[in-house]
>>> print(open('structure.cif').read())   # mmCIF, C-alpha atoms and all ligand atoms
data_final
loop_
_atom_site.label_atom_id
_atom_site.label_comp_id
_atom_site.auth_asym_id
_atom_site.auth_seq_id
_atom_site.Cartn_x
_atom_site.Cartn_y
_atom_site.Cartn_z
CA MET M 799 -158.77 15.07 -10.58
CA GLN M 800 -160.42 12.55 -8.32
CA LEU M 801 -159.44 12.62 -4.67
CA THR M 802 -158.82 9.14 -3.27
CA PHE M 803 -157.67 7.48 -0.07
CA ARG M 804 -155.73 4.29 0.53
CA TRP M 805 -157.59 1.57 2.40
CA PHE M 806 -155.98 -1.72 3.47
CA GLY M 807 -159.16 -3.78 3.39
CA THR M 808 -161.32 -5.01 6.21
CA SER M 809 -158.34 -5.34 8.58
CA ASP M 810 -157.57 -1.62 8.21
CA PRO M 811 -158.25 0.20 11.51
CA VAL M 812 -159.61 3.05 9.37
CA PRO M 813 -163.07 2.03 8.19
CA LEU M 814 -164.57 3.03 4.83
CA SER M 815 -167.33 4.86 6.72
CA HIS M 816 -164.74 7.28 8.13
CA ILE M 817 -163.07 7.78 4.77
CA ARG M 818 -166.49 8.59 3.31
CA GLN M 819 -166.67 11.56 5.72
CA ILE M 820 -163.53 13.30 4.42
CA PRO M 821 -164.83 16.14 2.23
CA GLY M 822 -164.13 15.57 -1.46
CA VAL M 823 -162.79 12.03 -1.16
CA THR M 824 -164.75 9.81 -3.53
CA GLY M 825 -162.29 7.11 -4.55
CA ILE M 826 -160.55 4.20 -2.83
CA VAL M 827 -157.10 2.81 -3.47
CA SER M 828 -156.79 -0.78 -2.28
CA ALA M 829 -155.61 -4.29 -3.08
CA LEU M 830 -156.16 -7.96 -2.32
CA TYR M 831 -153.88 -8.82 0.58
CA ASP M 832 -154.21 -12.59 0.77
CA ILE M 833 -153.02 -13.65 -2.69
CA PRO M 834 -149.54 -15.21 -2.77
CA VAL M 835 -147.08 -13.07 -4.77
CA GLY M 836 -147.00 -14.36 -8.33
CA ASP M 837 -150.49 -15.86 -8.42
CA ALA M 838 -153.20 -14.49 -10.70
CA TRP M 839 -155.80 -12.36 -8.92
CA PRO M 840 -159.27 -13.90 -9.18
CA ARG M 841 -161.86 -11.68 -10.82
CA SER M 842 -164.44 -12.73 -8.22
CA GLN M 843 -162.34 -11.39 -5.34
CA LEU M 844 -161.75 -8.10 -7.12
CA ALA M 845 -165.49 -7.86 -7.77
CA THR M 846 -166.21 -8.47 -4.07
CA LEU M 847 -163.71 -5.78 -3.05
CA LYS M 848 -165.27 -3.35 -5.48
CA ALA M 849 -168.76 -4.12 -4.21
CA ASP M 850 -167.64 -3.61 -0.58
CA VAL M 851 -166.20 -0.20 -1.46
CA GLU M 852 -169.31 0.78 -3.42
CA SER M 853 -171.61 -0.21 -0.60
CA ALA M 854 -169.82 2.42 1.50
CA GLY M 855 -170.61 5.05 -1.12
CA LEU M 856 -167.12 5.15 -2.66
CA ASP M 857 -165.53 3.96 -5.92
CA LEU M 858 -162.61 1.55 -6.21
CA VAL M 859 -160.41 3.35 -8.72
CA VAL M 860 -156.84 2.18 -8.11
CA ILE M 861 -155.23 -1.12 -7.24
CA GLU M 862 -152.06 -0.41 -5.25
CA SER M 863 -150.49 -2.69 -5.88
CA ILE M 864 -150.11 -6.06 -7.53
CA PRO M 865 -146.62 -7.04 -6.35
CA VAL M 866 -144.17 -8.00 -9.10
CA HIS M 867 -142.56 -11.36 -8.27
CA GLU M 868 -138.79 -11.20 -7.68
CA ASN M 869 -138.16 -13.74 -10.45
CA ILE M 870 -139.56 -11.23 -12.97
CA LYS M 871 -137.18 -8.56 -11.68
CA LEU M 872 -134.34 -11.07 -11.71
CA GLY M 873 -135.21 -12.22 -15.24
CA TRP M 874 -135.32 -15.87 -14.22
CA PRO M 875 -137.02 -18.42 -16.53
CA THR M 876 -140.10 -18.83 -14.34
CA ARG M 877 -140.99 -15.25 -15.25
CA GLU M 878 -142.95 -16.51 -18.26
CA ARG M 879 -145.59 -18.12 -16.05
CA LEU M 880 -145.46 -15.23 -13.56
CA ILE M 881 -145.94 -12.59 -16.26
CA ALA M 882 -148.85 -14.61 -17.68
CA ASN M 883 -150.42 -14.51 -14.22
CA TYR M 884 -149.79 -10.77 -13.99
CA CYS M 885 -151.54 -10.30 -17.34
CA ALA M 886 -154.48 -12.34 -16.05
CA SER M 887 -154.75 -10.04 -13.04
CA ILE M 888 -154.75 -6.97 -15.29
CA ARG M 889 -157.48 -8.48 -17.45
CA ALA M 890 -159.50 -9.23 -14.31
CA MET M 891 -159.16 -5.58 -13.25
CA GLY M 892 -160.42 -4.48 -16.63
CA GLU M 893 -163.38 -6.85 -16.53
CA VAL M 894 -164.40 -5.62 -13.09
CA GLY M 895 -163.86 -1.99 -14.11
CA ILE M 896 -160.91 -0.82 -12.01
CA PRO M 897 -159.02 1.66 -14.20
CA VAL M 898 -155.57 2.20 -12.64
CA LEU M 899 -152.82 -0.15 -11.45
CA CYS M 900 -149.97 1.26 -9.33
CA TYR M 901 -146.96 -1.06 -9.12
CA ASN M 902 -143.25 -0.80 -8.48
CA PHE M 903 -140.07 -2.49 -9.64
CA MET M 904 -137.87 -2.28 -6.53
CA PRO M 905 -135.69 -5.35 -5.87
CA VAL M 906 -136.52 -7.30 -2.68
CA PHE M 907 -137.61 -4.34 -0.60
CA ASP M 908 -140.44 -2.00 -1.26
CA TRP M 909 -140.39 1.28 0.70
CA MET M 910 -137.70 1.56 3.36
CA ARG M 911 -137.40 3.74 6.46
CA THR M 912 -135.05 3.63 9.42
CA ASP M 913 -137.49 5.21 11.90
CA LEU M 914 -141.25 4.77 11.87
CA ALA M 915 -141.86 7.26 14.69
CA HIS M 916 -139.48 10.18 14.21
CA ARG M 917 -140.64 12.94 16.57
CA LEU M 918 -141.27 16.35 15.03
CA ASP M 919 -141.19 19.65 16.95
CA ASP M 920 -144.99 19.69 17.30
CA GLY M 921 -145.00 16.32 19.11
CA SER M 922 -146.32 14.34 16.15
CA THR M 923 -144.36 11.43 14.71
CA ALA M 924 -143.44 10.76 11.10
CA LEU M 925 -141.51 8.24 9.03
CA ALA M 926 -137.81 8.97 8.56
CA TYR M 927 -134.80 7.60 6.72
CA ASP M 928 -131.10 7.98 7.38
CA ASP M 929 -128.62 6.08 5.21
CA ARG M 930 -126.06 6.16 8.06
CA VAL M 931 -128.50 4.12 10.16
CA LEU M 932 -129.34 1.77 7.32
CA VAL M 933 -125.74 0.73 6.71
CA ASP M 934 -125.50 -0.46 10.31
CA LEU M 935 -128.62 -2.62 10.09
CA ASP M 936 -127.83 -6.32 10.06
CA ILE M 937 -129.91 -8.30 7.57
CA SER M 938 -127.88 -11.52 7.78
CA HIS M 939 -130.61 -12.97 10.02
CA GLY M 940 -133.45 -11.89 7.71
CA THR M 941 -135.56 -8.77 7.87
CA GLY M 942 -136.27 -8.93 11.60
CA ASP M 943 -134.39 -5.74 12.48
CA LEU M 944 -135.80 -3.61 9.68
CA PRO M 945 -138.53 -1.16 10.69
CA GLY M 946 -141.80 -2.41 9.20
CA TRP M 947 -140.30 -5.53 7.61
CA ALA M 948 -140.28 -7.89 10.59
CA ALA M 949 -141.57 -11.10 9.07
CA ALA M 950 -141.04 -10.45 5.39
CA TYR M 951 -138.04 -12.68 4.69
CA SER M 952 -136.18 -15.37 6.60
CA ALA M 953 -132.38 -15.41 6.62
CA ASN M 954 -132.31 -18.12 3.94
CA GLN M 955 -134.82 -16.46 1.64
CA LEU M 956 -132.99 -13.16 1.89
CA ARG M 957 -129.59 -14.73 1.28
CA GLU M 958 -130.88 -16.46 -1.85
CA LEU M 959 -132.41 -13.27 -3.20
CA LEU M 960 -129.33 -11.16 -2.50
CA LEU M 961 -127.20 -13.81 -4.23
CA GLY M 962 -129.53 -13.69 -7.22
CA TYR M 963 -129.16 -9.95 -7.52
CA ARG M 964 -125.35 -10.20 -7.65
CA ASP M 965 -125.81 -10.71 -11.41
CA VAL M 966 -128.41 -7.98 -11.80
CA GLY M 967 -127.06 -4.46 -11.96
CA PRO M 968 -129.06 -1.40 -13.00
CA GLU M 969 -128.91 -2.16 -16.74
CA GLU M 970 -129.99 -5.79 -16.27
CA LEU M 971 -132.86 -4.52 -14.13
CA TRP M 972 -133.83 -2.11 -16.91
CA ASP M 973 -133.75 -5.02 -19.39
CA ASN M 974 -136.00 -7.06 -17.12
CA LEU M 975 -138.41 -4.14 -16.71
CA ALA M 976 -138.51 -3.72 -20.50
CA TYR M 977 -139.24 -7.43 -20.94
CA PHE M 978 -142.06 -7.18 -18.40
CA LEU M 979 -143.57 -3.99 -19.90
CA GLU M 980 -143.42 -5.30 -23.47
CA ARG M 981 -145.71 -8.10 -22.32
CA ILE M 982 -148.07 -6.36 -19.90
CA VAL M 983 -148.61 -2.97 -21.59
CA PRO M 984 -150.51 -4.36 -24.62
CA VAL M 985 -152.69 -6.39 -22.25
CA ALA M 986 -153.40 -3.31 -20.10
CA GLU M 987 -154.21 -1.25 -23.17
CA GLU M 988 -156.72 -3.83 -24.35
CA ALA M 989 -158.19 -4.24 -20.86
CA GLY M 990 -158.67 -0.49 -20.38
CA VAL M 991 -156.26 -0.41 -17.44
CA ARG M 992 -153.69 2.36 -16.99
CA LEU M 993 -150.36 1.25 -15.53
CA ALA M 994 -148.66 3.65 -13.12
CA ILE M 995 -145.15 2.69 -12.02
CA HIS M 996 -144.27 4.04 -8.58
CA PRO M 997 -140.84 5.65 -8.14
CA ASP M 998 -138.40 3.86 -5.86
CA ASP M 999 -138.67 4.90 -2.22
CA PRO M 1000 -136.09 6.05 -1.32
CA PRO M 1001 -134.70 6.70 -4.81
CA TRP M 1002 -131.19 5.24 -4.36
CA PRO M 1003 -129.66 1.76 -3.98
CA ILE M 1004 -130.02 0.09 -0.57
CA PHE M 1005 -128.21 -3.00 0.75
CA GLY M 1006 -126.28 -3.13 -2.51
CA LEU M 1007 -129.48 -3.68 -4.51
CA PRO M 1008 -130.01 -1.55 -7.62
CA ARG M 1009 -132.81 1.00 -7.75
CA ILE M 1010 -133.57 2.56 -11.11
CA ILE M 1011 -136.84 4.52 -10.94
CA THR M 1012 -135.30 7.51 -9.26
CA ASP M 1013 -135.66 10.66 -11.35
CA SER M 1014 -137.13 12.41 -14.35
CA ALA M 1015 -134.86 10.68 -16.87
CA ALA M 1016 -135.84 7.27 -15.48
CA LEU M 1017 -139.57 8.01 -15.66
CA GLU M 1018 -139.20 9.27 -19.22
CA ARG M 1019 -137.25 6.13 -20.10
CA VAL M 1020 -140.08 3.96 -18.71
CA ILE M 1021 -142.84 5.65 -20.68
CA SER M 1022 -140.78 5.71 -23.87
CA MET M 1023 -139.74 2.08 -23.57
CA VAL M 1024 -143.22 0.91 -24.55
CA ASP M 1025 -144.90 3.96 -26.03
CA SER M 1026 -148.54 3.45 -25.16
CA PRO M 1027 -151.04 5.66 -23.33
CA ALA M 1028 -151.51 2.74 -20.93
CA ASN M 1029 -147.87 2.93 -19.83
CA GLY M 1030 -147.63 5.69 -17.24
CA VAL M 1031 -146.38 6.65 -13.83
CA THR M 1032 -147.44 7.38 -10.28
CA LEU M 1033 -146.15 10.84 -9.47
CA CYS M 1034 -145.10 10.28 -5.85
CA THR M 1035 -143.90 13.67 -4.64
CA GLY M 1036 -142.35 12.31 -1.46
CA SER M 1037 -140.40 9.49 -3.08
CA LEU M 1038 -138.97 11.71 -5.81
CA GLY M 1039 -138.53 14.62 -3.40
CA ALA M 1040 -136.22 12.65 -1.10
CA LEU M 1041 -133.56 13.35 -3.71
CA ALA M 1042 -132.88 17.08 -3.52
CA SER M 1043 -131.82 17.19 -7.19
CA ASN M 1044 -135.34 16.20 -8.30
CA ASP M 1045 -137.52 19.17 -9.24
CA VAL M 1046 -140.86 17.46 -8.62
CA ALA M 1047 -143.01 20.16 -10.21
CA ALA M 1048 -140.87 20.06 -13.36
CA ILE M 1049 -141.23 16.27 -13.44
CA ALA M 1050 -145.00 16.58 -13.06
CA GLN M 1051 -145.03 19.02 -15.97
CA ARG M 1052 -142.81 16.90 -18.22
CA ILE M 1053 -144.53 13.57 -17.67
CA GLY M 1054 -147.96 15.22 -17.42
CA GLU M 1055 -147.57 16.87 -20.83
CA ARG M 1056 -147.09 13.43 -22.32
CA GLY M 1057 -150.36 12.34 -20.72
CA ARG M 1058 -148.65 9.73 -18.59
CA VAL M 1059 -149.27 10.78 -15.01
CA HIS M 1060 -151.96 8.23 -14.22
CA PHE M 1061 -151.95 8.59 -10.43
CA ALA M 1062 -150.59 11.15 -7.96
CA HIS M 1063 -149.29 10.53 -4.44
CA CYS M 1064 -148.89 13.80 -2.58
CA ARG M 1065 -146.84 14.10 0.57
CA ASN M 1066 -144.07 16.31 1.77
CA VAL M 1067 -140.55 15.54 2.95
CA ARG M 1068 -137.73 17.50 4.52
CA VAL M 1069 -134.27 16.57 3.27
CA THR M 1070 -131.85 17.02 6.18
CA GLY M 1071 -128.64 15.66 4.67
CA GLU M 1072 -127.17 13.29 2.11
CA ARG M 1073 -129.65 10.39 1.83
CA ARG M 1074 -131.40 11.56 4.94
CA PHE M 1075 -134.97 12.85 5.23
CA HIS M 1076 -138.14 12.75 7.25
CA GLU M 1077 -141.76 13.15 6.31
CA THR M 1078 -143.70 16.28 7.29
CA PRO M 1079 -147.22 17.70 7.16
CA HIS M 1080 -148.47 17.98 3.57
CA PRO M 1081 -148.49 21.79 3.08
CA SER M 1082 -145.62 23.42 1.18
CA GLY M 1083 -144.30 25.39 4.14
CA PHE M 1084 -143.42 22.31 6.17
CA GLY M 1085 -141.20 20.41 3.78
CA ASP M 1086 -139.15 20.80 0.62
CA ILE M 1087 -141.95 20.08 -1.86
CA ASP M 1088 -143.78 23.08 -3.29
CA MET M 1089 -147.15 21.34 -3.41
CA PHE M 1090 -148.84 24.33 -5.05
CA ALA M 1091 -146.30 24.21 -7.89
CA VAL M 1092 -146.78 20.45 -8.27
CA LEU M 1093 -150.57 20.71 -8.46
CA ARG M 1094 -150.32 23.70 -10.80
CA ALA M 1095 -148.12 21.62 -13.11
CA LEU M 1096 -150.65 18.79 -12.97
CA ARG M 1097 -153.47 21.22 -13.76
CA ASP M 1098 -151.51 22.78 -16.63
CA SER M 1099 -150.81 19.38 -18.12
CA GLY M 1100 -154.49 18.41 -18.00
CA PHE M 1101 -154.25 15.83 -15.21
CA ARG M 1102 -157.59 14.13 -14.63
CA GLY M 1103 -156.59 11.02 -12.72
CA PRO M 1104 -156.82 9.88 -9.11
CA MET M 1105 -154.77 11.65 -6.46
CA ARG M 1106 -154.30 10.75 -2.83
CA SER M 1107 -152.68 12.25 0.18
CA ASP M 1108 -149.77 9.95 0.84
CA HIS M 1109 -148.32 9.08 4.24
CA GLY M 1110 -149.49 11.12 7.16
CA ARG M 1111 -147.94 11.75 10.55
CA MET M 1112 -149.39 10.21 13.68
CA ILE M 1113 -151.25 13.02 15.46
CA TRP M 1114 -153.86 13.40 18.19
CA ASP M 1115 -152.74 10.18 19.89
CA GLU M 1116 -153.93 8.04 17.01
CA GLN M 1117 -152.62 4.47 17.03
CA GLY M 1118 -152.34 2.64 13.76
CA ARG M 1119 -150.33 1.64 10.76
CA PRO M 1120 -147.30 3.98 10.50
CA GLY M 1121 -147.90 6.49 7.72
CA TYR M 1122 -151.49 5.39 7.27
CA GLY M 1123 -153.52 6.79 10.13
CA LEU M 1124 -156.75 8.62 9.41
CA HIS M 1125 -156.24 12.09 10.86
CA ASP M 1126 -153.20 13.53 9.14
CA ARG M 1127 -154.00 11.93 5.81
CA ALA M 1128 -157.46 13.51 6.05
CA LEU M 1129 -155.84 16.90 6.75
CA GLY M 1130 -153.67 16.31 3.70
CA ALA M 1131 -156.72 15.47 1.58
CA ALA M 1132 -158.48 18.65 2.68
CA TYR M 1133 -155.37 20.68 1.82
CA LEU M 1134 -155.02 19.10 -1.62
CA ASN M 1135 -158.69 19.70 -2.27
CA GLY M 1136 -158.31 23.36 -1.36
CA LEU M 1137 -155.29 23.82 -3.60
CA TRP M 1138 -157.07 22.14 -6.49
CA GLU M 1139 -160.22 24.22 -6.07
CA GLY M 1140 -158.11 27.37 -6.03
CA LEU M 1141 -156.19 26.31 -9.12
CA THR M 1142 -159.07 25.00 -11.21
CA GLY M 1143 -162.32 26.37 -9.83
CA ASP M 1144 -163.55 22.78 -9.61
CA VAL M 1145 -165.68 22.47 -6.52
CA PRO M 1146 -165.71 18.92 -5.17
CA THR M 1147 -168.93 17.67 -3.63
MN MN J 1201 -146.00 7.01 -2.87
#
>>> encode(input="structure.cif", output="structure tokens")
Amino acid sequence: MQLTFRWFGTSDPVPLSHIRQIPGVTGIVSALYDIPVGDAWPRSQLATLKADVESAGLDLVVIESIPVHENIKLGWPTRERLIANYCASIRAMGEVGIPVLCYNFMPVFDWMRTDLAHRLDDGSTALAYDDRVLVDLDISHGTGDLPGWAAAYSANQLRELLLGYRDVGPEELWDNLAYFLERIVPVAEEAGVRLAIHPDDPPWPIFGLPRIITDSAALERVISMVDSPANGVTLCTGSLGALASNDVAAIAQRIGERGRVHFAHCRNVRVTGERRFHETPHPSGFGDIDMFAVLRALRDSGFRGPMRSDHGRMIWDEQGRPGYGLHDRALGAAYLNGLWEGLTGDVPT
């Protein structure tokens, strides 16, 4: 296991020099943030990013993520050119030597929360989701009222996309994912890049849009669809754990045994009702995820890939990107490190 940390590039308020000081963290998870969705990622920019990370004494080991253009998810004819560009980006990753690509296949919206500063009993704040709040959010004027999505889509863009998805139910979305994977997996295999699909967050339909990467059966369907070692998953404990019926440790075991957990996101959530949860500190006692059992399953299945503490709370008056402050994610990293050392005897340095 390699402990990693997400870094949003030079505009991230958390500098690489601070990440370098978290014991055991040696890898960086990042992306290029100025490439229009659908364009091919230039090798030179990836090489520059990698060099920046290395000059801080860290390795760039995961790209999270290269966004998948909506027209690929919709199965529209322009997907041919867009998939060709995606393949070019994967090849560029391979040439520069970045081994893992985390991506997702969620229509229109990526992660979704209804509260970015839900107050916990200890005075910290965490991300939270309540479906009863979501259904009252008005998106007819665009994404302006959605927490964290202010400028993402105008009213017209959103209307057009939602119209497009009227013809795309879950099975059509599966077909479009299959079409995409059949074309990118062989390229990734040849490039030496491991693909790691991220589960949908939260793992249920929102705004009438289908979401399909929600549970163990879905993850097994993905890796079986194109049966290659390059075709794997990101085990995101918090995304999967928002659905109480998901036994995350059992999922880690099942997918891990097939050698397809290529990246692990570890965070904890407390489910407080039907389609209602909030994030918590990472340790098992604070949420519904048994993190020890998850890491034990990863150990037992021979997991050797990158892992990162996922979202953290805002603590100690830190200001920053919700979910991605330094302090609580660093506490999470230290906790994960301790669990792993106890489980494996591996002593990170
Ligand atoms: Mn995640």
>>> atom_distance(input="structure.cif", atom1="atom CA of His996 of chain M", atom2="atom CA of Leu856 of chain M")
23.6 Å
>>> closest_atom_pairs(input="structure.cif", of="chain M", to="ligand MN 1201 (chain J)", cutoff="7 Å", atoms="all atoms listed in the file", output="tab-separated table")
residue	atom	partner	partner_atom	distance
M:His996	CA	J:MN1201	MN	6.7
M:Cys1034	CA	J:MN1201	MN	4.5
M:Gly1036	CA	J:MN1201	MN	6.6
M:Ser1037	CA	J:MN1201	MN	6.1
M:His1063	CA	J:MN1201	MN	5.1
M:Asp1108	CA	J:MN1201	MN	6.1
>>> closest_atom_pairs(input="structure.cif", of="segment 882-967 of chain M", to="segment 872-875 of chain M", cutoff="10 Å", atoms="only C-alpha atoms", output="Markdown table")
| residue | atom | partner | partner_atom | distance |
| --- | --- | --- | --- | --- |
| M:Pro905 | CA | M:Leu872 | CA | 8.3 |
| M:Leu959 | CA | M:Leu872 | CA | 9.0 |
| M:Gly962 | CA | M:Leu872 | CA | 7.1 |
| M:Tyr963 | CA | M:Leu872 | CA | 6.8 |
| M:Arg964 | CA | M:Leu872 | CA | 9.9 |
| M:Asp965 | CA | M:Leu872 | CA | 8.5 |
| M:Val966 | CA | M:Leu872 | CA | 6.7 |
| M:Gly967 | CA | M:Leu872 | CA | 9.8 |
>>> write_last_selection(input="structure.cif", atoms="C-alpha atoms", output="mmCIF file, in the frame of the given file")
data_model
loop_
_atom_site.group_PDB
_atom_site.id
_atom_site.type_symbol
_atom_site.label_atom_id
_atom_site.label_comp_id
_atom_site.auth_asym_id
_atom_site.auth_seq_id
_atom_site.Cartn_x
_atom_site.Cartn_y
_atom_site.Cartn_z
ATOM 1 C CA PRO M 905 -135.690 -5.350 -5.870
ATOM 2 C CA LEU M 959 -132.410 -13.270 -3.200
ATOM 3 C CA GLY M 962 -129.530 -13.690 -7.220
ATOM 4 C CA TYR M 963 -129.160 -9.950 -7.520
ATOM 5 C CA ARG M 964 -125.350 -10.200 -7.650
ATOM 6 C CA ASP M 965 -125.810 -10.710 -11.410
ATOM 7 C CA VAL M 966 -128.410 -7.980 -11.800
ATOM 8 C CA GLY M 967 -127.060 -4.460 -11.960
#
>>> residues_near_point(input="structure.cif", point="(-151.2, -8.3, -19.6)", cutoff="9 Å", atoms="all atoms listed in the file", output="JSON, numbers by chain")
{"M": [881, 882, 883, 884, 885, 886, 887, 888, 889, 979, 981, 982, 983, 984, 985, 986, 987, 988, 989]}
>>> atom_distance(input="structure.cif", atom1="atom CA of Ser863 of chain M", atom2="atom CA of Ser828 of chain M")
7.5 Å
>>> residues_around(input="structure.cif", residues="Ile833 of chain M", least_positions_apart="4", cutoff="12 Å", atoms="only C-alpha atoms", output="PDB file with C-alpha atoms, in the frame of the given file")
ATOM      1  CA  ALA M 829    -155.610  -4.290  -3.080  1.00  0.00           C
ATOM      2  CA  ASP M 837    -150.490 -15.860  -8.420  1.00  0.00           C
ATOM      3  CA  ALA M 838    -153.200 -14.490 -10.700  1.00  0.00           C
ATOM      4  CA  TRP M 839    -155.800 -12.360  -8.920  1.00  0.00           C
ATOM      5  CA  PRO M 840    -159.270 -13.900  -9.180  1.00  0.00           C
ATOM      6  CA  GLN M 843    -162.340 -11.390  -5.340  1.00  0.00           C
ATOM      7  CA  LEU M 844    -161.750  -8.100  -7.120  1.00  0.00           C
ATOM      8  CA  SER M 863    -150.490  -2.690  -5.880  1.00  0.00           C
ATOM      9  CA  ILE M 864    -150.110  -6.060  -7.530  1.00  0.00           C
ATOM     10  CA  PRO M 865    -146.620  -7.040  -6.350  1.00  0.00           C
ATOM     11  CA  ASN M 883    -150.420 -14.510 -14.220  1.00  0.00           C
ATOM     12  CA  SER M 887    -154.750 -10.040 -13.040  1.00  0.00           C
TER      13      SER M 887
END
>>> residues_near_point(input="structure.cif", point="(-134.2, 14.8, 2.1)", cutoff="9 Å", atoms="all atoms listed in the file", output="list in words")
Tyr927, Gly1039, Ala1040, Leu1041, Ala1042, Val1067, Arg1068, Val1069, Thr1070, Gly1071, Glu1072, Arg1073, Arg1074, Phe1075, His1076, Glu1077 and Asp1086 of chain M
>>> atom_distance(input="structure.cif", atom1="atom CA of Val866 of chain M", atom2="atom CA of Phe1101 of chain M")
26.6 Å
>>> residues_around(input="structure.cif", residues="Val859 of chain M", least_positions_apart="6", cutoff="6 Å", atoms="all atoms listed in the file", output="list of chain:residue names")
M:Gly825, M:Ile826, M:Ile896, M:Pro897
>>> closest_residue(input="structure.cif", among="M:Asp857, M:Glu980, M:Glu1139, M:Glu970", to="Asn1029 of chain M", atoms="all atoms listed in the file")
M:Glu980
>>> closest_residue(input="structure.cif", among="M:His1060, M:Arg877, M:His939, M:His1125", to="Leu993 of chain M", atoms="all atoms listed in the file")
M:His1060
>>> residues_around(input="structure.cif", residues="Asp1098 of chain M", least_positions_apart="5", cutoff="10 Å", atoms="all atoms listed in the file", output="PyMOL selection string")
chain M and resi 1050-1051+1054-1055+1092-1093+1141-1142
>>> residues_around(input="structure.cif", residues="Ser809 of chain M", least_positions_apart="6", cutoff="12 Å", atoms="only C-alpha atoms", output="ChimeraX atom specification")
/M:828,830-832,1118-1119
>>> closest_residue(input="structure.cif", among="M:Asp1045, M:Asp973, M:Asp1025, M:Glu893", to="Val991 of chain M", atoms="only C-alpha atoms")
M:Glu893
>>> closest_residue(input="structure.cif", among="M:Met799, M:Leu1007, M:Asp929, M:Arg1052", to="Gly1103 of chain M", atoms="all atoms listed in the file")
M:Met799
>>> closest_residue(input="structure.cif", among="M:Asp908, M:Asp920, M:Asp913, M:Asp1088", to="Asp999 of chain M", atoms="all atoms listed in the file")
M:Asp908
>>> axis_aligned_box(input="structure.cif", around="segment 934-941 of chain M", padding_each_side="8 Å", output="lines of an AutoDock Vina configuration file")
center_x = -130.5
center_y = -6.7
center_z = 8.9
size_x = 26.1
size_y = 28.5
size_z = 18.7
>>> closest_residue(input="structure.cif", among="M:Asp1144, M:Pro997, M:Ile1011, M:Phe1090", to="Glu969 of chain M", atoms="only C-alpha atoms")
M:Ile1011
>>> closest_atom_pairs(input="structure.cif", of="segment 1033-1135 of chain M", to="segment 1013-1017 of chain M", cutoff="8 Å", atoms="all atoms listed in the file", output="tab-separated table")
residue	atom	partner	partner_atom	distance
M:Leu1038	CA	M:Asp1013	CA	6.5
M:Asn1044	CA	M:Asp1013	CA	6.3
M:Ile1049	CA	M:Ser1014	CA	5.7
M:Ile1053	CA	M:Leu1017	CA	7.7
>>> residues_around(input="structure.cif", residues="Met1112 of chain M", least_positions_apart="2", cutoff="7 Å", atoms="all atoms listed in the file", output="JSON, numbers by chain")
{"M": [922, 923, 924, 1110, 1116, 1123, 1126]}
